[in-house]
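Colleague: The structure's right below; bear with me while I get my questions together.
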Amino acid sequence: MTMRLNPYLVMDGTGKEAIEFYEHALGAKVIGMQTFGEMPESPDFPLPEEAKNRIAHGLLKVGETDLMLSDTFPGQPHQTGNQVTICIVLSDKERTNEVFEALSADGKVNMPLQETFWSPAYGIVTDKFGVTFQITTE
């Protein structure tokens, strides 16, 4: 079982600009980038036009570190200064569940652990100290 902790930045519509900035400022290499408009469509959640070009997920390599980022979905709250989270990447779904449950104790579940199109188990939790973690299985 492997586990990595990666910084995860949340932007408010400036994701593409941030990626370009970090490429220049940090010598980052873009490993992947996907907009909300490139994600599979869901009839339950129609995508507003203003969301289509926002970054749903970006992955940059900065030296030996993976830096992840995304934009908020239009209408989601965003406060400058609180946009850094930690993404925990695990290789084992059972361990992902254990970590999610442990961090949820006396904390707040922002998104229940669930299967997504990119992960068999992904969720977001803010622990009892106010630190937000995105937890995912590779």
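Simple scheme: letters A, B, ... for chains in structure tokens order, numbers from 1 for residues in each chain, numbers from 1 for ligands in the order shown.
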For Gly130 of chain A, list every protein, DNA or RNA residue within 12 Å, evaluated using only C-alpha atoms, and leave out those in the same chain fewer than 5 positions away; present the list as a list in words.

Modeller: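 Surrounding residues, per the criterion: Asn82, Val84, Thr85, Ile86, Leu103, Ser104, Asp106, Gly107, Lys108, Val109, Asn110 and Val125 of chain A.
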
Colleague: Among chain A, which ones does DSSP place in strand (DSSP E), written as a count of residues only?

Modeller: 56

Colleague: Between A:Glu64, A:Glu17, A:Asp127, A:Asp12, which has the minimum distance to Phe100 of chain A (counting only C-alpha atoms)?

Modeller: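 Closest candidate: A:Asp127.
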
Colleague: Using Å and a single decimal, report how far atom CA of Gln114 of chain A sits from atom CA of Val99 of chain A.

Modeller: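 These two atoms are separated by 13.7 Å.
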
Colleague: Measuring between only C-alpha atoms, which one of A:Ile31, A:Tyr8, A:Thr72, A:Ser91 shows the shortest distance to Ala51 of chain A?

Modeller: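 Of all the options, A:Thr72 lies closest to Ala51 of chain A.
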
Colleague: Here is a test: counting only C-alpha atoms, which residue of A:Val131, A:Glu101, A:Ile55, A:Thr137 is nearest to Thr116 of chain A?

Modeller: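 Looking at the shortest contact to Thr116 of chain A, the residue is A:Thr137.
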
Colleague: For each of A:Gln83, A:Val62, A:Pro77, A:Lys52, take the minimum atom-to-atom distance to Gly27 of chain A, counting only C-alpha atoms, then give the residue where this is smallest.

Modeller: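 Smallest separation from Gly27 of chain A among the options: A:Val62.
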
Colleague: Check the DSSP output for the backbone and give back, as a PDB file with C-alpha atoms, in the first residue's frame, the residues of segment 5-80 of chain A in helix (DSSP H, G or I).

Modeller:
ATOM      1  CA  GLY A  15      -6.941  27.902 -12.695  1.00  0.00           C
ATOM      2  CA  LYS A  16      -5.535  28.177 -16.237  1.00  0.00           C
ATOM      3  CA  GLU A  17      -3.767  31.409 -15.347  1.00  0.00           C
ATOM      4  CA  ALA A  18      -2.314  29.797 -12.206  1.00  0.00           C
ATOM      5  CA  ILE A  19      -1.024  26.815 -14.199  1.00  0.00           C
ATOM      6  CA  GLU A  20       0.741  29.129 -16.649  1.00  0.00           C
ATOM      7  CA  PHE A  21       2.129  31.189 -13.759  1.00  0.00           C
ATOM      8  CA  TYR A  22       3.553  28.134 -11.941  1.00  0.00           C
ATOM      9  CA  GLU A  23       5.032  26.814 -15.191  1.00  0.00           C
ATOM     10  CA  HIS A  24       7.003  30.044 -15.487  1.00  0.00           C
ATOM     11  CA  ALA A  25       7.668  30.877 -11.819  1.00  0.00           C
ATOM     12  CA  LEU A  26       8.476  27.356 -10.597  1.00  0.00           C
ATOM     13  CA  PHE A  36     -15.334  20.862 -16.360  1.00  0.00           C
ATOM     14  CA  GLY A  37     -16.475  20.959 -19.993  1.00  0.00           C
ATOM     15  CA  GLU A  38     -14.290  17.939 -20.800  1.00  0.00           C
ATOM     16  CA  GLU A  49     -21.816  27.720 -19.665  1.00  0.00           C
ATOM     17  CA  GLU A  50     -19.579  29.722 -17.279  1.00  0.00           C
ATOM     18  CA  ALA A  51     -18.202  26.469 -15.809  1.00  0.00           C
TER      19      ALA A  51
END

Colleague: Between atom CA of Ala28 of chain A and atom CA of Glu115 of chain A, measure the distance and give it in Å to one decimal.

Modeller: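 Answer for the atom CA of Ala28 of chain A to atom CA of Glu115 of chain A separation: 29.7 Å.
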
Colleague: Please provide the set of residues having any atom within 12 Å of Gly32 of chain A, restricted to only C-alpha atoms, with same-chain residues fewer than 2 positions apart removed, written as a list in words.

Modeller: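 Here the answer would be Lys16, Ile19, Ala28, Lys29, Val30, Gln34, Thr35, Ile55, Ala56, His57, Gly58, Leu59, Leu60, Lys61, Asp66, Leu67, Met68, Leu69 and Ser70 of chain A.
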
Colleague: Restricting the output to N, CA and C atoms, write the selected residues as a PDB file, in the first residue's frame.

Modeller:
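Wrote it out as part28.pdb, contents follow:
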ATOM      1  N   LYS A  16      -6.435  28.195 -15.071  1.00  0.00           N
ATOM      2  CA  LYS A  16      -5.535  28.177 -16.237  1.00  0.00           C
ATOM      3  C   LYS A  16      -4.421  29.203 -16.065  1.00  0.00           C
ATOM      4  N   ILE A  19      -1.873  27.847 -13.598  1.00  0.00           N
ATOM      5  CA  ILE A  19      -1.024  26.815 -14.199  1.00  0.00           C
ATOM      6  C   ILE A  19       0.090  27.461 -15.015  1.00  0.00           C
ATOM      7  N   ALA A  28       7.398  24.451 -13.419  1.00  0.00           N
ATOM      8  CA  ALA A  28       6.505  23.296 -13.338  1.00  0.00           C
ATOM      9  C   ALA A  28       6.238  22.716 -14.719  1.00  0.00           C
ATOM     10  N   LYS A  29       6.042  21.416 -14.763  1.00  0.00           N
ATOM     11  CA  LYS A  29       5.655  20.727 -15.991  1.00  0.00           C
ATOM     12  C   LYS A  29       4.209  20.272 -15.836  1.00  0.00           C
ATOM     13  N   VAL A  30       3.376  20.581 -16.843  1.00  0.00           N
ATOM     14  CA  VAL A  30       1.971  20.176 -16.794  1.00  0.00           C
ATOM     15  C   VAL A  30       1.884  18.698 -17.143  1.00  0.00           C
ATOM     16  N   GLN A  34      -7.727  19.124 -17.072  1.00  0.00           N
ATOM     17  CA  GLN A  34      -9.050  18.827 -17.601  1.00  0.00           C
ATOM     18  C   GLN A  34     -10.016  19.908 -17.138  1.00  0.00           C
ATOM     19  N   THR A  35     -10.817  20.414 -18.063  1.00  0.00           N
ATOM     20  CA  THR A  35     -11.821  21.407 -17.706  1.00  0.00           C
ATOM     21  C   THR A  35     -13.126  20.692 -17.334  1.00  0.00           C
ATOM     22  N   ILE A  55     -11.026  24.901 -14.653  1.00  0.00           N
ATOM     23  CA  ILE A  55     -10.225  23.688 -14.468  1.00  0.00           C
ATOM     24  C   ILE A  55     -10.897  22.780 -13.439  1.00  0.00           C
ATOM     25  N   ALA A  56     -11.217  21.554 -13.851  1.00  0.00           N
ATOM     26  CA  ALA A  56     -11.767  20.556 -12.932  1.00  0.00           C
ATOM     27  C   ALA A  56     -10.627  19.861 -12.187  1.00  0.00           C
ATOM     28  N   HIS A  57      -9.519  19.657 -12.886  1.00  0.00           N
ATOM     29  CA  HIS A  57      -8.350  19.051 -12.241  1.00  0.00           C
ATOM     30  C   HIS A  57      -7.112  19.342 -13.069  1.00  0.00           C
ATOM     31  N   GLY A  58      -6.082  19.814 -12.397  1.00  0.00           N
ATOM     32  CA  GLY A  58      -4.783  20.024 -13.023  1.00  0.00           C
ATOM     33  C   GLY A  58      -3.716  19.355 -12.187  1.00  0.00           C
ATOM     34  N   LEU A  59      -2.728  18.795 -12.842  1.00  0.00           N
ATOM     35  CA  LEU A  59      -1.615  18.148 -12.150  1.00  0.00           C
ATOM     36  C   LEU A  59      -0.317  18.678 -12.737  1.00  0.00           C
ATOM     37  N   LEU A  60       0.494  19.270 -11.861  1.00  0.00           N
ATOM     38  CA  LEU A  60       1.793  19.811 -12.246  1.00  0.00           C
ATOM     39  C   LEU A  60       2.885  19.072 -11.488  1.00  0.00           C
ATOM     40  N   LYS A  61       4.027  18.944 -12.104  1.00  0.00           N
ATOM     41  CA  LYS A  61       5.205  18.381 -11.437  1.00  0.00           C
ATOM     42  C   LYS A  61       6.145  19.543 -11.174  1.00  0.00           C
ATOM     43  N   ASP A  66       4.232  16.617  -6.704  1.00  0.00           N
ATOM     44  CA  ASP A  66       3.013  16.789  -7.484  1.00  0.00           C
ATOM     45  C   ASP A  66       2.222  17.926  -6.857  1.00  0.00           C
ATOM     46  N   LEU A  67       1.841  18.905  -7.671  1.00  0.00           N
ATOM     47  CA  LEU A  67       0.988  20.003  -7.246  1.00  0.00           C
ATOM     48  C   LEU A  67      -0.307  19.888  -8.017  1.00  0.00           C
ATOM     49  N   MET A  68      -1.412  19.772  -7.284  1.00  0.00           N
ATOM     50  CA  MET A  68      -2.718  19.639  -7.910  1.00  0.00           C
ATOM     51  C   MET A  68      -3.487  20.932  -7.725  1.00  0.00           C
ATOM     52  N   LEU A  69      -4.391  21.212  -8.669  1.00  0.00           N
ATOM     53  CA  LEU A  69      -5.245  22.384  -8.507  1.00  0.00           C
ATOM     54  C   LEU A  69      -6.511  22.239  -9.313  1.00  0.00           C
ATOM     55  N   SER A  70      -7.507  23.014  -8.920  1.00  0.00           N
ATOM     56  CA  SER A  70      -8.761  23.087  -9.658  1.00  0.00           C
ATOM     57  C   SER A  70      -9.400  24.436  -9.383  1.00  0.00           C
TER      58      SER A  70
END

Colleague: For Met111 of chain A, list every protein, DNA or RNA residue within 10 Å, evaluated using only C-alpha atoms, and leave out those in the same chain fewer than 4 positions away; present the list as a list in words.

Modeller: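 My reading of the contact set: Tyr122, Gly123, Ile124, Val125, Thr126 and Gln134 of chain A.
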